[in-house]
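Listing of my_file.txt; format and content: compact mmCIF, C-alpha atoms and all ligand atoms.
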```
# COMPACT_ATOMS: atom_id res chain seq x y z
CA MET A 25 9.47 -16.61 -10.91
CA GLU A 26 12.78 -17.18 -12.66
CA ASN A 27 15.49 -14.77 -11.38
CA LYS A 28 13.04 -13.14 -8.98
CA LYS A 29 14.19 -12.12 -5.52
CA ILE A 30 13.07 -9.93 -2.67
CA ASN A 31 14.30 -6.42 -3.42
CA ILE A 32 16.05 -5.14 -0.31
CA LEU A 33 16.15 -1.36 -0.77
CA THR A 34 18.48 0.53 1.54
CA ASP A 35 19.41 3.63 -0.47
CA LYS A 36 16.56 6.04 0.11
CA TYR A 37 17.74 8.34 -2.66
CA ALA A 38 17.83 5.67 -5.39
CA LEU A 39 14.96 5.74 -7.86
CA LEU A 40 12.84 2.62 -7.72
CA ASP A 41 12.49 2.28 -11.47
CA THR A 42 16.29 1.97 -11.78
CA LEU A 43 16.36 -0.85 -9.20
CA ILE A 44 13.62 -3.14 -10.46
CA ASP A 45 12.27 -4.25 -13.80
CA TRP A 46 9.18 -2.00 -13.98
CA PRO A 47 7.03 -2.45 -17.10
CA ALA A 48 6.03 1.14 -17.91
CA ASP A 49 3.04 0.16 -20.04
CA LYS A 50 1.19 -1.77 -17.31
CA ILE A 51 -1.34 -0.61 -14.75
CA THR A 52 0.72 -0.45 -11.56
CA GLU A 53 -0.55 -0.85 -7.99
CA LEU A 54 1.41 -0.65 -4.74
CA ASP A 55 0.37 -2.44 -1.52
CA LEU A 56 2.29 -0.37 1.05
CA GLY A 57 2.78 -2.05 4.44
CA CYS A 58 1.59 -5.26 2.83
CA GLY A 59 2.38 -7.51 5.81
CA LYS A 60 2.21 -11.21 4.88
CA GLY A 61 0.49 -10.00 1.77
CA SER A 62 -2.59 -12.15 1.04
CA PHE A 63 -4.16 -9.07 -0.52
CA SER A 64 -1.18 -8.55 -2.85
CA THR A 65 -1.20 -12.18 -3.93
CA GLN A 66 -4.94 -12.16 -4.67
CA LEU A 67 -4.62 -8.90 -6.60
CA ALA A 68 -1.74 -10.23 -8.70
CA LEU A 69 -3.59 -13.48 -9.42
CA ARG A 70 -6.82 -11.71 -10.38
CA TYR A 71 -5.12 -9.20 -12.69
CA PRO A 72 -2.10 -10.88 -14.34
CA GLU A 73 -1.98 -8.00 -16.85
CA ARG A 74 -1.24 -5.52 -14.04
CA PHE A 75 2.05 -4.94 -12.20
CA ILE A 76 1.77 -5.33 -8.42
CA LEU A 77 4.36 -3.88 -6.04
CA SER A 78 4.27 -5.06 -2.42
CA ALA A 79 6.31 -3.27 0.22
CA ASP A 80 6.99 -3.87 3.89
CA ILE A 81 9.73 -3.05 6.36
CA MET A 82 9.72 -6.51 7.96
CA ILE A 83 11.82 -9.00 6.04
CA GLY A 84 10.01 -12.03 7.54
CA ARG A 85 6.69 -10.78 6.15
CA CYS A 86 8.30 -10.08 2.76
CA ARG A 87 9.63 -13.65 2.74
CA LYS A 88 6.21 -15.15 3.47
CA LEU A 89 4.67 -13.15 0.63
CA PHE A 90 7.51 -13.90 -1.76
CA LYS A 91 7.29 -17.66 -1.12
CA ARG A 92 3.52 -17.65 -1.58
CA ASN A 93 3.87 -15.74 -4.85
CA GLU A 94 6.48 -18.31 -5.95
CA ARG A 95 4.14 -21.20 -5.13
CA GLU A 96 1.34 -19.51 -7.07
CA GLY A 97 3.63 -18.93 -10.07
CA ILE A 98 3.03 -15.17 -9.97
CA GLU A 99 5.16 -13.25 -12.49
CA ASN A 100 3.57 -9.80 -12.39
CA SER A 101 4.82 -8.75 -8.97
CA GLU A 102 7.86 -7.41 -7.11
CA VAL A 103 8.33 -7.62 -3.34
CA LEU A 104 10.19 -4.69 -1.77
CA ARG A 105 11.72 -4.65 1.69
CA VAL A 106 11.77 -0.91 2.25
CA GLU A 107 10.80 1.86 4.63
CA ALA A 108 7.46 3.27 3.47
CA ARG A 109 8.35 6.95 3.86
CA HIS A 110 11.57 6.52 1.92
CA LEU A 111 9.71 4.74 -0.85
CA ILE A 112 6.94 7.25 -1.39
CA GLY A 113 8.88 10.31 -0.21
CA CYS A 114 12.00 9.97 -2.37
CA MET A 115 12.23 6.77 -4.39
CA MET A 116 9.22 7.05 -6.67
CA LYS A 117 8.85 9.43 -9.58
CA ASP A 118 5.87 11.74 -10.02
CA ASN A 119 2.81 10.17 -11.70
CA SER A 120 4.06 6.57 -11.19
CA LEU A 121 1.10 4.67 -9.77
CA ASP A 122 -2.44 3.86 -10.82
CA ARG A 123 -3.45 2.78 -7.33
CA LEU A 124 -1.84 2.89 -3.91
CA HIS A 125 -3.20 0.73 -1.07
CA VAL A 126 -2.49 1.48 2.59
CA LEU A 127 -4.58 -1.13 4.35
CA CYS A 128 -4.92 -1.54 8.10
CA PRO A 129 -1.69 0.34 8.89
CA ASP A 130 -0.48 0.37 12.50
CA PRO A 131 -2.65 3.04 14.23
CA TRP A 132 -0.11 3.99 16.93
CA PRO A 133 -2.90 5.04 19.33
CA LYS A 134 -0.72 6.59 22.05
CA ASP A 135 -0.02 10.32 21.67
CA ARG A 136 3.69 9.89 22.28
CA HIS A 137 3.87 7.42 19.35
CA SER A 138 1.67 9.36 16.94
CA HIS A 139 4.67 10.55 14.91
CA ASN A 140 5.00 6.93 13.71
CA ARG A 141 1.66 7.00 11.88
CA LEU A 142 2.17 6.62 8.16
CA ILE A 143 -0.73 8.90 7.25
CA CYS A 144 0.28 12.44 8.19
CA SER A 145 0.09 15.81 6.43
CA ASN A 146 3.49 15.48 4.74
CA ILE A 147 2.63 12.08 3.29
CA VAL A 148 -0.62 13.33 1.74
CA THR A 149 1.43 15.53 -0.63
CA HIS A 150 3.69 12.64 -1.61
CA ILE A 151 0.73 10.35 -2.22
CA HIS A 152 -0.67 12.99 -4.57
CA ARG A 153 2.71 13.38 -6.28
CA ILE A 154 3.31 9.69 -7.04
CA LEU A 155 -0.21 8.92 -8.28
CA LYS A 156 -1.03 9.34 -11.96
CA PRO A 157 -3.80 11.84 -12.74
CA GLY A 158 -7.02 10.02 -11.93
CA GLY A 159 -5.05 7.54 -9.79
CA VAL A 160 -6.52 6.11 -6.58
CA PHE A 161 -5.35 6.15 -2.99
CA HIS A 162 -7.09 3.33 -1.12
CA PHE A 163 -7.01 3.63 2.67
CA ALA A 164 -8.56 1.21 5.16
CA THR A 165 -8.59 1.00 8.93
CA ASP A 166 -10.65 -0.43 11.77
CA ASP A 167 -9.30 2.21 14.14
CA GLU A 168 -11.86 5.03 14.58
CA PRO A 169 -9.40 7.75 15.74
CA TYR A 170 -7.02 6.97 12.87
CA TRP A 171 -9.95 7.05 10.43
CA GLU A 172 -10.94 10.51 11.71
CA ILE A 173 -7.38 11.83 11.55
CA ALA A 174 -6.71 10.49 8.05
CA THR A 175 -10.03 11.54 6.49
CA ASN A 176 -9.71 15.02 8.02
CA LEU A 177 -6.19 15.39 6.61
CA PHE A 178 -7.37 14.44 3.13
CA ALA A 179 -10.40 16.72 3.31
CA LYS A 180 -8.22 19.63 4.43
CA ALA A 181 -5.66 19.02 1.67
CA ASN A 182 -8.46 19.49 -0.88
CA ILE A 183 -6.50 17.90 -3.74
CA PHE A 184 -8.48 14.64 -3.97
CA THR A 185 -12.07 13.67 -4.62
CA VAL A 186 -13.74 10.57 -3.16
CA ASP A 187 -15.10 7.77 -5.34
CA ASN A 188 -15.44 4.42 -3.60
CA SER A 189 -16.66 2.79 -6.82
CA ARG A 190 -12.97 2.74 -7.82
CA LEU A 191 -12.61 -0.16 -5.34
CA ASP A 192 -15.44 -2.24 -6.85
CA ASP A 193 -13.01 -4.62 -8.58
CA ILE A 194 -11.39 -5.63 -5.26
CA LYS A 195 -14.06 -5.18 -2.62
CA ASP A 196 -14.20 -8.94 -1.97
CA ILE A 197 -10.43 -9.21 -1.34
CA LYS A 198 -9.57 -8.83 2.33
CA THR A 199 -6.15 -8.36 3.88
CA ASP A 200 -4.86 -10.64 6.63
CA PHE A 201 -5.56 -7.96 9.23
CA GLU A 202 -9.01 -7.16 7.89
CA LYS A 203 -9.94 -10.85 8.22
CA ARG A 204 -8.60 -10.80 11.77
CA TRP A 205 -10.57 -7.67 12.74
CA ASN A 206 -13.75 -9.00 11.13
CA GLU A 207 -13.41 -12.25 13.10
CA GLN A 208 -13.30 -10.10 16.24
CA GLY A 209 -16.48 -8.30 15.13
CA LYS A 210 -14.67 -5.09 14.13
CA GLU A 211 -15.65 -3.27 10.95
CA VAL A 212 -12.91 -2.02 8.63
CA HIS A 213 -13.67 1.27 6.82
CA HIS A 214 -12.43 1.77 3.26
CA ILE A 215 -12.15 4.94 1.21
CA ALA A 216 -10.88 5.72 -2.31
CA TYR A 217 -9.31 9.14 -2.91
CA ILE A 218 -8.88 10.16 -6.51
CA LYS A 219 -6.10 12.49 -7.64
CA ALA A 220 -8.26 15.21 -9.08
CA LYS A 221 -5.72 17.68 -10.41
C1 LIG B 1 -0.96 -3.88 10.84
S1 LIG B 1 0.04 -4.51 9.58
C2 LIG B 1 -1.07 -4.58 8.17
C3 LIG B 1 -0.57 -5.51 7.08
C4 LIG B 1 -1.49 -5.64 5.88
N1 LIG B 1 -1.65 -4.39 5.18
C5 LIG B 1 -2.82 -6.19 6.30
O1 LIG B 1 -3.80 -5.42 6.33
O2 LIG B 1 -2.88 -7.39 6.60
C6 LIG B 1 1.08 -3.13 9.18
C7 LIG B 1 2.27 -3.50 8.33
O3 LIG B 1 2.96 -2.30 8.00
C8 LIG B 1 4.34 -2.57 8.10
N2 LIG B 1 5.02 -1.31 8.40
C9 LIG B 1 4.93 -0.60 9.54
N3 LIG B 1 5.69 0.50 9.45
C10 LIG B 1 6.28 0.47 8.23
C11 LIG B 1 7.18 1.32 7.56
N4 LIG B 1 7.62 2.43 8.15
N5 LIG B 1 7.58 0.99 6.32
C12 LIG B 1 7.12 -0.14 5.73
N6 LIG B 1 6.26 -0.99 6.32
C13 LIG B 1 5.84 -0.69 7.55
C14 LIG B 1 4.48 -3.57 9.22
O4 LIG B 1 5.69 -4.28 9.14
C15 LIG B 1 3.25 -4.42 9.02
O5 LIG B 1 3.52 -5.54 8.20
```
Can you turn what I pasted into C-alpha cells?
Amino acid sequence: MENKKINILTDKYALLDTLIDWPADKITELDLGCGKGSFSTQLALRYPERFILSADIMIGRCRKLFKRNEREGIENSEVLRVEARHLIGCMMKDNSLDRLHVLCPDPWPKDRHSHNRLICSNIVTHIHRILKPGGVFHFATDDEPYWEIATNLFAKANIFTVDNSRLDDIKDIKTDFEKRWNEQGKEVHHIAYIKAK
C-alpha cells in the first residue's frame, strides 16, 4: 500500500481517471456506497488481477475500509470519498466499468425522503453509460418496496437484460449489511443487469 491514500474527491466535474492511478487494462469493478467495505476487501483479495474501486460519502467508513485493505496488503484497490451521483453522473467516462455493485443502499422508505434514493430514473441512464458493453450492474436490497421500484425502473428503461449467473463468482461474499439483515431473518434479493446495447 505504498503511497496509497483515501481519495477525497470534491470537484464533481473532474474526471476520475485523471485523479487516480487507474490501470486501463484491468477488469474494473466499483462498489458504490461500500460502507465499511467487507465486500470490497473480499473482492479485491479474491481477484488480485482486477482493479476494485470502493466509494462512500462517509469518511469514517472509508477509513475503516482503507485500514483493513492496508492490513491485508491489498494493492489492487482505491478508496474514494465521494458523492455517488457526482461520481457516476459526471466523473466517470463512458464504457469505464466491467461491474458496478450497489448493495443494500439506504431505502429511504418515507415518501418525503424518496428523492434521496440512489436508484432513480436518471441514474439508470448513467449506469448504462459508464458500463462497458456486456458490463454488469449488480443491485441488492432487503427492502421490498425499493426492490419493486428499482426493478420496475430497469424493466421500463429496456436497455438491460438480466443474467444472474454473472454474479456466480461472488455469490458467497456478503456485505456488512447483508450479514446484518440475514441475522435478523431478512432475505436480501440480488439481480444482475447486463448492458445489452
Ligand atoms: C446501508 S449502507 C450499505 C453499505 C454496504 N453497501 C453494505 O451493504 O454493507 C449505505 C451506504 O451508502 C452510503 N451512501 C449513502 N448515500 C450516499 C451518497 N449519496 N454517496 C455515496 N455514498 C452514499 C452510506 O454512507 C452508507 O455507507
Name the residues, by chain letter and number, that sit within 7 Å of ligand LIG 1 (chain B) using all atoms listed in the file, and give them as a PyMOL selection string. chain A and resi 56-61+79-82+85+106-109+126-130+142+199-202
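Proximity ranking of A:Phe163, A:His125, A:Arg105, A:Ile194 relative to A:Arg70 places A:Ile194 first, based on only C-alpha atoms.
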Go through A:Arg204, A:His214, A:Arg136, A:Lys28 one by one, measure the shortest atom-to-atom distance of each to A:Val103 using all atoms listed in the file, and give the residue with the smallest value.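 Closest to A:Val103 of all the choices is A:Lys28.
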With distances taken over only C-alpha atoms, which of A:Tyr217, A:Asn93, A:Ala179, A:Lys88 is nearest to A:Leu124?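 Ranking A:Tyr217, A:Asn93, A:Ala179, A:Lys88 by distance to A:Leu124, first place goes to A:Tyr217.
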Give me, please, the distance in Å between atom CA of A:Tyr37 and atom CA of A:Leu121, quoted to one decimal.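 Calculated distance between atom CA of A:Tyr37 and atom CA of A:Leu121 is 18.5 Å.
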Take atom CA of A:Leu33 and atom CA of A:His110 and report the distance between them in Å, one decimal.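 Between atom CA of A:Leu33 and atom CA of A:His110 the gap is 9.5 Å.
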Close residues, A:Val186 itself excluded, 8 Å, only C-alpha atoms, min 6 positions apart in chain, as a JSON list (two decimals) with C-alpha atoms, keeping the file's coordinate frame:
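Final output, saved to part.json:
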```json
[["chain", "number", "residue", "atom", "x", "y", "z"],
["A", 215, "ILE", "CA", -12.15, 4.94, 1.21],
["A", 216, "ALA", "CA", -10.88, 5.72, -2.31],
["A", 217, "TYR", "CA", -9.31, 9.14, -2.91],
["A", 218, "ILE", "CA", -8.88, 10.16, -6.51]]
```
Select, from A:Asp193, A:Asp55, A:Asp166, A:Glu207, the residue with the minimum atom-to-atom distance to A:Leu104, counting only C-alpha atoms.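 Using only C-alpha atoms, the shortest distance to A:Leu104 belongs to A:Asp55.
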Using all atoms listed in the file, which residues of stretch 56-175 of chain A come within 9 Å of stretch 41-51 of chain A, and what is the closest atom pair for each, with the distance in Å to one decimal? Give it as CSV, sorted by chain and residue number.
```
residue,atom,partner,partner_atom,distance
A:Glu73,CA,A:Lys50,CA,7.0
A:Arg74,CA,A:Ile51,CA,5.0
A:Phe75,CA,A:Ile51,CA,6.1
A:Ile76,CA,A:Ile51,CA,8.5
A:Glu102,CA,A:Ile44,CA,7.9
A:Met115,CA,A:Asp41,CA,8.4
A:Met116,CA,A:Asp41,CA,7.5
A:Lys117,CA,A:Asp41,CA,8.2
A:Ser120,CA,A:Ala48,CA,8.9
A:Leu121,CA,A:Ile51,CA,7.7
A:Asp122,CA,A:Ile51,CA,6.1
A:Arg123,CA,A:Ile51,CA,8.4
```
Please compute the atom CA of A:Ala164-atom CA of A:Asp187 distance, one decimal, in Å.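 Taking atom CA of A:Ala164 and atom CA of A:Asp187, their separation equals 14.0 Å.
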Excluding A:Asp196 and residues on its chain fewer than 4 positions from it, collect all residues at most 12 Å away from it, counting only C-alpha atoms, and give them as an mmCIF file with C-alpha atoms, in the coordinates of the input.
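See out_9.cif below for the written result:
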```
data_model
loop_
_atom_site.group_PDB
_atom_site.id
_atom_site.type_symbol
_atom_site.label_atom_id
_atom_site.label_comp_id
_atom_site.auth_asym_id
_atom_site.auth_seq_id
_atom_site.Cartn_x
_atom_site.Cartn_y
_atom_site.Cartn_z
ATOM 1 C CA PHE A 63 -4.160 -9.070 -0.520
ATOM 2 C CA GLN A 66 -4.940 -12.160 -4.670
ATOM 3 C CA LEU A 67 -4.620 -8.900 -6.600
ATOM 4 C CA ARG A 70 -6.820 -11.710 -10.380
ATOM 5 C CA LEU A 191 -12.610 -0.160 -5.340
ATOM 6 C CA ASP A 192 -15.440 -2.240 -6.850
ATOM 7 C CA GLU A 202 -9.010 -7.160 7.890
ATOM 8 C CA LYS A 203 -9.940 -10.850 8.220
#
```
Rank A:Ser189, A:Asn140, A:Glu99, A:Ile173 by their smallest atom-to-atom distance to A:Asn27, using all atoms listed in the file, and report the top residue only.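 Of A:Ser189, A:Asn140, A:Glu99, A:Ile173, the one nearest A:Asn27, counting all atoms listed in the file, is A:Glu99.
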Identify, on the basis of only C-alpha atoms, every residue whose closest approach to A:Gly113 does not exceed 10 Å; exclude the query and any residue fewer than 6 positions from it along the same chain; express the result as a PyMOL selection string. chain A and resi 36-37+107+146-147+149-151+153-154
Given all atoms listed in the file as the counted atoms, nearest of A:Ala38, A:Ile32, A:Pro169, A:Lys198 to A:Ser64: A:Lys198
